[in-house]
Amino acid sequence: MSPYRRAAAQTSNLITAAEMLHTYFSVLKAAGFTDAQALTLVRDAQVNALGSGDGR
């Protein structure tokens, strides 16, 4: 795969992940969570998705 196609695929994956996290945040807000609570849960989901890296 060319570097350009690889970069396009990675960009697409990042956009999809960002959309999923935004949707998750919106659902949490609609369920009555505060911004801080929702952001904490979204951050935790992001860290879990990336593995046990140093995301915090």
# chains A, B, ... in the order shown; residues from 1 in each chain; ligands from 1
>>> residues_around(residues="segment 15-24 of chain A", least_positions_apart="3", cutoff="12 Å", atoms="only C-alpha atoms", output="PyMOL selection string")
chain A and resi 8-12+27-31+33+38-47+49-50
>>> select_by_dssp(residues="chain A", states="alpha helix (DSSP H)", output="number ranges by chain")
A: 3-30, 35-50
